Each structure stands twice: as C-alpha cells, then as structure tokens.
$ cat entry.cif   # mmCIF, C-alpha atoms
data_target
#
loop_
_atom_site.label_atom_id
_atom_site.label_comp_id
_atom_site.auth_asym_id
_atom_site.auth_seq_id
_atom_site.Cartn_x
_atom_site.Cartn_y
_atom_site.Cartn_z
CA MET T 1470 73.07 156.39 125.62
CA GLY T 1471 73.29 159.41 127.89
CA ASN T 1472 71.94 158.10 131.20
CA THR T 1473 74.49 155.81 132.83
CA ASN T 1474 71.73 154.41 135.11
CA GLU T 1475 70.63 152.59 131.98
CA LEU T 1476 74.04 150.92 131.71
CA ILE T 1477 74.93 148.01 133.98
CA GLU T 1478 78.54 146.95 134.61
CA ILE T 1479 79.06 143.48 133.17
CA GLY T 1480 82.82 142.97 133.07
CA LYS T 1481 86.28 144.46 132.78
CA ILE T 1482 89.00 144.34 130.13
CA VAL T 1483 91.95 142.79 131.97
CA GLY T 1484 94.56 142.35 129.27
CA ALA T 1485 95.67 142.01 125.68
CA HIS T 1486 95.98 138.58 124.08
CA GLY T 1487 97.91 137.32 121.10
CA LEU T 1488 99.44 139.21 118.21
CA LYS T 1489 96.26 140.42 116.49
CA GLY T 1490 95.07 142.81 119.21
CA ASP T 1491 92.57 140.56 120.99
CA ILE T 1492 91.44 141.61 124.45
CA LYS T 1493 90.72 139.55 127.57
CA ILE T 1494 87.48 140.35 129.40
CA TYR T 1495 86.81 139.20 132.95
CA PRO T 1496 83.02 138.75 133.25
CA TRP T 1497 81.15 140.02 136.32
CA CYS T 1498 77.96 138.23 135.32
CA ASP T 1499 76.78 134.71 136.10
CA THR T 1500 78.28 133.21 132.94
CA PRO T 1501 80.66 134.50 130.24
CA GLN T 1502 77.97 133.53 127.72
CA GLU T 1503 75.95 136.60 128.79
CA ILE T 1504 78.66 138.89 127.38
CA ILE T 1505 79.18 136.78 124.27
CA SER T 1506 75.46 136.81 123.45
CA ALA T 1507 74.93 140.51 124.30
CA LYS T 1508 73.63 142.53 121.36
CA ARG T 1509 75.24 145.78 122.51
CA LEU T 1510 78.17 146.50 124.82
CA PHE T 1511 79.53 149.89 125.90
CA LEU T 1512 82.66 151.51 127.31
CA ALA T 1513 81.28 154.51 129.22
CA ASN T 1514 78.87 155.99 126.63
CA GLU T 1515 80.66 154.67 123.56
CA GLU T 1516 79.37 151.50 121.90
CA LEU T 1517 82.00 148.77 121.78
CA LYS T 1518 82.01 146.69 118.59
CA LEU T 1519 83.36 143.24 119.43
CA TYR T 1520 83.74 140.29 117.12
CA ASN T 1521 85.35 136.86 117.23
CA LYS T 1522 84.09 136.51 120.84
CA ARG T 1523 84.92 133.24 122.58
CA VAL T 1524 85.32 131.83 126.08
CA HIS T 1525 88.66 130.52 127.33
CA LYS T 1526 88.86 129.36 130.99
CA ASN T 1527 86.05 131.69 132.16
CA ILE T 1528 87.72 134.67 130.43
CA ILE T 1529 86.32 136.08 127.21
CA LEU T 1530 88.67 136.66 124.31
CA ALA T 1531 87.48 139.06 121.63
CA GLN T 1532 88.59 141.59 119.06
CA ILE T 1533 87.54 145.22 119.06
CA GLN T 1534 86.63 146.62 115.68
CA GLY T 1535 89.58 148.70 114.43
CA VAL T 1536 92.09 147.22 116.91
CA GLN T 1537 94.72 145.07 115.20
CA THR T 1538 97.82 145.14 117.41
CA PRO T 1539 98.59 144.29 121.04
CA GLU T 1540 99.65 147.92 121.54
CA GLN T 1541 96.24 149.19 120.40
CA ALA T 1542 94.51 146.61 122.63
CA ARG T 1543 96.47 147.66 125.73
CA ILE T 1544 94.77 151.09 125.65
CA TYR T 1545 91.56 149.32 126.75
CA ILE T 1546 93.02 147.48 129.77
CA ASN T 1547 91.20 148.21 133.07
CA LYS T 1548 88.17 149.67 131.28
CA THR T 1549 84.73 148.54 132.46
CA ILE T 1550 82.25 147.07 129.99
CA TYR T 1551 78.56 147.87 130.30
CA ILE T 1552 75.36 146.44 128.88
CA PRO T 1553 72.12 148.43 128.49
CA ARG T 1554 69.62 147.54 131.25
CA SER T 1555 66.93 147.19 128.58
CA ASP T 1556 68.93 144.35 126.95
CA ILE T 1557 68.99 142.26 130.14
CA LYS T 1558 66.27 139.64 130.34
CA LEU T 1559 65.73 138.39 133.88
CA LYS T 1560 63.68 135.34 134.80
CA PRO T 1561 61.16 135.68 137.65
CA GLY T 1562 63.07 135.64 140.93
CA GLN T 1563 66.31 136.88 139.31
CA PHE T 1564 67.70 140.28 140.27
CA LEU T 1565 70.64 142.44 139.32
CA ILE T 1566 73.14 142.93 142.15
CA VAL T 1567 73.02 146.68 141.55
CA ASP T 1568 69.28 146.58 142.39
CA LEU T 1569 69.85 144.72 145.68
CA ILE T 1570 72.49 147.13 147.03
CA GLY T 1571 70.84 149.59 149.42
CA LEU T 1572 67.73 147.50 150.13
CA THR T 1573 66.62 147.37 153.78
CA VAL T 1574 66.56 143.90 155.34
CA VAL T 1575 63.65 143.31 157.73
CA ASN T 1576 62.17 140.40 159.65
CA ASN T 1577 59.47 138.66 157.61
CA GLN T 1578 57.24 138.24 160.72
CA LYS T 1579 57.99 141.58 162.44
CA GLU T 1580 58.72 144.20 159.77
CA GLU T 1581 59.59 146.77 162.43
CA GLN T 1582 62.66 144.62 163.19
CA ILE T 1583 65.25 146.07 160.81
CA TYR T 1584 68.53 144.19 160.46
CA GLY T 1585 70.32 146.65 158.18
CA THR T 1586 71.05 147.47 154.56
CA VAL T 1587 72.55 145.35 151.79
CA THR T 1588 76.03 146.71 151.05
CA ASP T 1589 77.31 143.96 148.77
CA VAL T 1590 76.54 140.56 147.25
CA VAL T 1591 79.17 137.82 147.21
CA LYS T 1592 78.91 134.97 144.72
CA THR T 1593 80.02 131.76 146.42
CA GLY T 1594 79.10 129.23 143.77
CA SER T 1595 76.37 127.38 145.64
CA ASN T 1596 74.37 130.47 146.62
CA ASP T 1597 74.86 134.21 146.84
CA VAL T 1598 75.57 135.82 150.21
CA TYR T 1599 74.18 139.26 151.06
CA ILE T 1600 76.42 141.45 153.20
CA ILE T 1601 74.21 143.48 155.53
CA LYS T 1602 75.37 146.48 157.57
CA SER T 1603 73.33 147.37 160.65
CA SER T 1604 72.68 150.92 161.85
CA GLN T 1605 75.33 150.23 164.54
CA GLY T 1606 77.86 149.44 161.78
CA LYS T 1607 77.97 145.65 162.37
CA GLU T 1608 78.21 143.42 159.30
CA TYR T 1609 76.19 140.24 158.90
CA LEU T 1610 76.30 137.60 156.17
CA ILE T 1611 72.91 136.42 154.94
CA PRO T 1612 72.78 133.33 152.72
CA ALA T 1613 70.49 134.00 149.75
CA ILE T 1614 68.55 130.77 150.11
CA LYS T 1615 64.78 130.39 150.09
CA GLU T 1616 64.74 129.23 153.74
CA VAL T 1617 66.14 132.63 154.78
CA VAL T 1618 65.25 135.16 152.05
CA ASN T 1619 61.46 135.20 151.73
CA ILE T 1620 60.58 138.29 149.68
CA ILE T 1621 62.71 140.66 147.62
CA ASP T 1622 60.65 143.78 146.97
CA ILE T 1623 62.65 146.11 144.70
CA GLU T 1624 59.76 148.61 144.48
CA ASN T 1625 59.53 149.08 148.26
CA LYS T 1626 63.30 148.69 148.69
CA THR T 1627 63.04 145.83 151.19
CA ILE T 1628 64.13 142.23 151.61
CA LYS T 1629 62.07 140.20 154.08
CA ILE T 1630 63.96 137.37 155.75
CA THR T 1631 63.39 134.60 158.28
CA PRO T 1632 66.71 134.56 160.15
CA MET T 1633 68.38 131.24 160.88
CA LYS T 1634 69.52 130.50 164.42
CA GLY T 1635 72.88 132.19 165.02
CA LEU T 1636 72.64 134.50 161.98
CA PHE T 1637 72.44 137.53 164.24
CA ASN T 1638 74.43 137.23 167.47
CA ASP T 1639 71.63 138.73 169.59
CA GLU T 1640 69.17 135.95 168.75
CA ASN T 1641 68.78 132.56 170.39
#
$ encode --input "entry.cif" --output "structure tokens"
Amino acid sequence: MGNTNELIEIGKIVGAHGLKGDIKIYPWCDTPQEIISAKRLFLANEELKLYNKRVHKNIILAQIQGVQTPEQARIYINKTIYIPRSDIKLKPGQFLIVDLIGLTVVNNQKEEQIYGTVTDVVKTGSNDVYIIKSSQGKEYLIPAIKEVVNIIDIENKTIKITPMKGLFNDEN
C-alpha cells in the first residue's frame, strides 16, 4: 500500500478470544458491519486476512489466517486496523472524521468571523459533536445538526455554521 494517507483507521484489536486464536476488534466506525463487510483490512502496511468474522455485543470476533492459538492471537493486541480509503463508499453528506479534523469553522453569514478549528469529533449517539478550538485556545462544542452546521467544504477546508444562542459565550 505504501502511502498511509490512503489507509484510514477503522478499529483496534483489543484482545484474544476463545481457544482457537480468535481476536476481538473494537470498531471505530459507525457500525461493526463496516469492518465485517470490508474487502481488505490492513495492519500498518500488511494486509490482514480475517475469516469467521462476526459481531458480539458491538465487538467483532474474527480469526486471522495462520493464527490458531490464544498465544498467537495475543501478539496482535493493541494493533490498529486500517481500511483503504478507496474501499470506503460514503453517501452524500457523509464525511470521514479524519477529513473534518483541522477544518476552519466560520460563520455562515459573516465568513470573516472565524470560530476556530475542528480538533476532534465525538459520537454521542443522537448526533456527532465537533470540538472546536479557537485561536485563543478556548474549546467549544458544536452539535453536528443541520440547524447549526450549514456547509462542510472539504476542498476549501471550512465548515460554515449558524451558531445557536449560547454556543459561544460572547454572543447574545
């Protein structure tokens, strides 16, 4: 694969399971099904051959080709699993978290009003929350709902928002 920018983190191996060398994968994607249905998975630049993949309580259980004992499986604990960016199919309006980090958040009406930069995205269940850091170092939480987030422009590295009352302390 070579270029790690082409690989997107999708989960982490968190443990061994059972007596046949199965591994437990904690998914970092929206659903465990995304890992199960992935055509190709990687550990760093090495393709990971998984079979017997199944979901158990939001954790994925699987076997790695060539791994047959719990001892062999434990070698993989704490390793990150990646998927090639080219294998990810996004619907319109869907974005990868990695593509949102670093975007500048501006006022939809007054683009010269810059609120800060996206430093993280928190998944809450009902909607994502963007963590924004201002140039003064203050952190703000922006709910990723259509009433607030108007335009996400990956190409121009901006997110245009209409702030809700009380979102930024300095607004009335």
$ resolve_selection --input "entry.cif" --expression "the PyMOL selection byres ((chain T and resi 1571-1577) around 9)" --output "number ranges by chain"
T: 1567-1570, 1578-1589, 1601, 1618-1623, 1625-1632
$ residues_around --input "entry.cif" --residues "Ala1485 in chain T" --least-positions-apart "6" --cutoff "10 Å" --atoms "all atoms listed in the file" --output "ChimeraX atom specification"
/T:1491-1494,1530-1532,1538-1546
$ resolve_selection --input "entry.cif" --expression "the PyMOL selection byres ((chain T and resi 1512) around 8)" --output "number ranges by chain"
T: 1510-1511, 1513-1517, 1548-1551
$ write_last_selection --input "entry.cif" --atoms "C-alpha atoms" --output "compact mmCIF listing (two decimals), in the frame of the given file"
# COMPACT_ATOMS: atom_id res chain seq x y z
CA LEU T 1510 78.17 146.50 124.82
CA PHE T 1511 79.53 149.89 125.90
CA ALA T 1513 81.28 154.51 129.22
CA ASN T 1514 78.87 155.99 126.63
CA GLU T 1515 80.66 154.67 123.56
CA GLU T 1516 79.37 151.50 121.90
CA LEU T 1517 82.00 148.77 121.78
CA LYS T 1548 88.17 149.67 131.28
CA THR T 1549 84.73 148.54 132.46
CA ILE T 1550 82.25 147.07 129.99
CA TYR T 1551 78.56 147.87 130.30
$ closest_residue --input "entry.cif" --among "T:Asn1547, T:Gln1537, T:Tyr1599, T:Leu1636" --to "Leu1488 in chain T" --atoms "all atoms listed in the file"
T:Gln1537
$ resolve_selection --input "entry.cif" --expression "the PyMOL selection byres ((chain T and resi 1594) around 12)" --output "list in words"
Asp1499, Thr1500, Val1591, Lys1592, Thr1593, Ser1595, Asn1596, Asp1597, Val1598, Pro1612 and Ala1613 of chain T
$ closest_residue --input "entry.cif" --among "T:Ile1528, T:Glu1616, T:Arg1509, T:Lys1602" --to "Val1483 in chain T" --atoms "only C-alpha atoms"
T:Ile1528
$ atom_distance --input "entry.cif" --atom1 "CA of Ile1504 in chain T" --atom2 "CA of Ile1479 in chain T"
7.4 Å
$ closest_residue --input "entry.cif" --among "T:Val1536, T:Ile1600, T:Ile1505, T:Ile1611" --to "Val1524 in chain T" --atoms "only C-alpha atoms"
T:Ile1505
$ axis_aligned_box --input "entry.cif" --around "range 1501-1517 of chain T" --padding-each-side "3 Å" --output "JSON"
{"center_x": 78.1, "center_y": 144.8, "center_z": 125.8, "size_x": 15.0, "size_y": 28.5, "size_z": 14.9}
$ atom_distance --input "entry.cif" --atom1 "CA of Ala1507 in chain T" --atom2 "CA of Glu1624 in chain T"
26.5 Å
$ build_atoms --input "entry.cif" --residues "range 1489-1523 of chain T" --atoms "N, CA and C atoms" --output "compact mmCIF listing (two decimals), in the frame of the given file"
# COMPACT_ATOMS: atom_id res chain seq x y z
N LYS T 1489 97.20 139.72 117.36
CA LYS T 1489 96.26 140.42 116.49
C LYS T 1489 95.42 141.46 117.23
N GLY T 1490 95.78 141.76 118.48
CA GLY T 1490 95.07 142.81 119.21
C GLY T 1490 93.82 142.34 119.93
N ASP T 1491 93.71 141.04 120.21
CA ASP T 1491 92.57 140.56 120.99
C ASP T 1491 92.66 141.12 122.41
N ILE T 1492 91.50 141.19 123.06
CA ILE T 1492 91.44 141.61 124.45
C ILE T 1492 90.93 140.46 125.30
N LYS T 1493 91.25 140.51 126.60
CA LYS T 1493 90.72 139.55 127.57
C LYS T 1493 89.72 140.30 128.44
N ILE T 1494 88.53 139.74 128.58
CA ILE T 1494 87.48 140.35 129.40
C ILE T 1494 87.18 139.42 130.56
N TYR T 1495 87.22 139.97 131.78
CA TYR T 1495 86.81 139.20 132.95
C TYR T 1495 85.34 139.51 133.20
N PRO T 1496 84.46 138.49 133.10
CA PRO T 1496 83.02 138.75 133.25
C PRO T 1496 82.61 138.90 134.72
N TRP T 1497 81.71 139.84 134.99
CA TRP T 1497 81.15 140.02 136.32
C TRP T 1497 79.74 139.46 136.40
N CYS T 1498 79.30 138.78 135.36
CA CYS T 1498 77.96 138.23 135.32
C CYS T 1498 78.01 136.75 135.67
N ASP T 1499 76.85 136.12 135.70
CA ASP T 1499 76.78 134.71 136.10
C ASP T 1499 77.58 133.79 135.19
N THR T 1500 77.52 134.04 133.88
CA THR T 1500 78.28 133.21 132.94
C THR T 1500 78.89 134.11 131.86
N PRO T 1501 80.05 133.72 131.33
CA PRO T 1501 80.66 134.50 130.24
C PRO T 1501 79.75 134.58 129.02
N GLN T 1502 78.87 133.58 128.87
CA GLN T 1502 77.97 133.53 127.72
C GLN T 1502 77.09 134.79 127.63
N GLU T 1503 76.79 135.40 128.78
CA GLU T 1503 75.95 136.60 128.79
C GLU T 1503 76.62 137.75 128.03
N ILE T 1504 77.94 137.84 128.13
CA ILE T 1504 78.66 138.89 127.38
C ILE T 1504 78.76 138.51 125.91
N ILE T 1505 79.03 137.24 125.66
CA ILE T 1505 79.18 136.78 124.27
C ILE T 1505 77.87 136.98 123.49
N SER T 1506 76.74 136.72 124.15
CA SER T 1506 75.46 136.81 123.45
C SER T 1506 74.83 138.21 123.50
N ALA T 1507 75.47 139.15 124.21
CA ALA T 1507 74.93 140.51 124.30
C ALA T 1507 74.89 141.17 122.93
N LYS T 1508 73.78 141.83 122.65
CA LYS T 1508 73.63 142.53 121.36
C LYS T 1508 74.49 143.79 121.31
N ARG T 1509 74.50 144.52 122.46
CA ARG T 1509 75.24 145.78 122.51
C ARG T 1509 76.06 145.84 123.80
N LEU T 1510 77.30 146.29 123.67
CA LEU T 1510 78.17 146.50 124.82
C LEU T 1510 78.74 147.93 124.73
N PHE T 1511 79.04 148.51 125.88
CA PHE T 1511 79.53 149.89 125.90
C PHE T 1511 80.75 150.03 126.79
N LEU T 1512 81.60 151.00 126.45
CA LEU T 1512 82.66 151.51 127.31
C LEU T 1512 82.22 152.93 127.62
N ALA T 1513 81.89 153.22 128.87
CA ALA T 1513 81.28 154.51 129.22
C ALA T 1513 80.07 154.71 128.31
N ASN T 1514 80.02 155.77 127.51
CA ASN T 1514 78.87 155.99 126.63
C ASN T 1514 79.15 155.66 125.18
N GLU T 1515 80.27 154.99 124.93
CA GLU T 1515 80.66 154.67 123.56
C GLU T 1515 80.40 153.19 123.29
N GLU T 1516 79.66 152.90 122.22
CA GLU T 1516 79.37 151.50 121.90
C GLU T 1516 80.65 150.79 121.51
N LEU T 1517 80.82 149.59 122.02
CA LEU T 1517 82.00 148.77 121.78
C LEU T 1517 81.63 147.69 120.78
N LYS T 1518 82.27 147.70 119.63
CA LYS T 1518 82.01 146.69 118.59
C LYS T 1518 83.00 145.55 118.76
N LEU T 1519 82.51 144.42 119.23
CA LEU T 1519 83.36 143.24 119.43
C LEU T 1519 83.00 142.17 118.42
N TYR T 1520 83.99 141.45 117.98
CA TYR T 1520 83.74 140.29 117.12
C TYR T 1520 84.73 139.19 117.50
N ASN T 1521 84.52 138.02 116.92
CA ASN T 1521 85.35 136.86 117.23
C ASN T 1521 85.37 136.59 118.74
N LYS T 1522 84.20 136.72 119.39
CA LYS T 1522 84.09 136.51 120.84
C LYS T 1522 84.09 135.01 121.14
N ARG T 1523 84.88 134.64 122.16
CA ARG T 1523 84.92 133.24 122.58
C ARG T 1523 85.35 133.16 124.04
